[in-house]
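Working notes, beginning with the structure itself.
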Amino acid sequence: MDLEAFMIEEKEEIFEYIASTRFKDKEGKAIAWKLRTITAKENDEIRKQCYKQIQVPGKRGQFRQEFDSSKYLETLATKCIIEPNLNSVELQDFYNVMGPADLLKEHLLKPAEYDNLISKLQEINGYNLEEAVEEAKN
């Protein structure tokens with residue numbers, strides 16, 4: 001077996017994506033956002049942040065973990081978006097919000113814009129939603 005075939009250095013990939021046609025340059029062309037891929041390690045860190053403890057009904061002092069998929073997708077988005085800079089205090093102040101997730105939701109007011117961005121982020125990070133749906137059905 002050729003071990004060198006497994007010795008590859010992973011590099012972050014950068015993609016351009018038109019998240020909304022509302023943001024235009026001086027010539028009136030839609031501005032592409034810059035998105036990046038994350039590593040499996042970064043994904044694990046995001047996932048760990050998205051579990052919450054829920055008390056088991058009728059069982060005092062017993063809790064179960066529940067995964068917050070909305071928080072996961074929101075956090076994934078804030079980690080993958082390079083431009084616009086969602087951590088920009090100036091942008092957050094302009095939109096009167098605090099935090100990158102709130103700024104993202106102010107930028108993408110239409111639900112379809114947000115949902116399409118989330119789908120694109122999942123796609124660039126290797127998730128094939130159609131395959132996942134088919135697997136879930138079987």
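Just remember, in the structure tokens the first chain shown is A, the second B, etc., residues are 1-based per chain, and ligands are 1-based in the order shown.
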
Which residues are close to A:Lys29, i.e. within 12 Å by only C-alpha atoms, leaving aside same-chain residues fewer than 6 positions away? Reply as a count of residues only. 5

DSSP helix (DSSP H, G or I) residues within chain A, as a ChimeraX atom specification: /A:3-6,40-49,69-80,89-95,100-107,111-124,129-137

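Per DSSP on the backbone, strand (DSSP E) in chain A comprises A:Ile14, A:Phe15, A:Glu16, A:Tyr17, A:Trp33, A:Lys34, A:Leu35, A:Arg36, A:Tyr51, A:Lys52, A:Gln53, A:Ile54, A:Gln55, A:Phe63, A:Arg64, A:Gln65, A:Glu66, A:Phe67, A:Ile81, A:Ile82, A:Glu83.
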
>> Can you pull out the residues contacting A:Ser88? Cut-off 10 Å, using only C-alpha atoms, and skip same-chain residues under 6 positions away; I want them as a ChimeraX atom specification.
In response: /A:94,98-100,103

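Ranking A:Ile31, A:Ala40, A:Leu121, A:Val89 by their shortest atom-to-atom distance to A:Thr75, with only C-alpha atoms included, puts A:Leu121 first.
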
re atom CA of A:Gln65 and atom CA of A:Lys52: distance 5.6 Å

**OP:** Could you check which of A:Ile14, A:Met7, A:Ala19, A:Ala32 is closest to A:Glu113, using only C-alpha atoms?
**Re:**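 Counting only C-alpha atoms, the residue closest to A:Glu113 is A:Ala19.
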
Open item on the list: My list of candidates is A:Asn116, A:Leu35, A:Gln49, A:Pro111. Which is closest to A:Lys79 when distances are computed with only C-alpha atoms?
Closed with: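 Smallest separation from A:Lys79 among the options: A:Leu35.
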
| query | Within 12 Å of A:Glu42, counting only C-alpha atoms, which residues qualify if same-chain residues fewer than 2 places away don't, as a PyMOL selection string? | reply | chain A and resi 12+37-40+44-49+72+75-76+79-80+125

Using only C-alpha atoms, the best pick from A:Lys34, A:Glu90, A:Tyr51, A:Lys24 as closest to A:Ser69 would be A:Tyr51
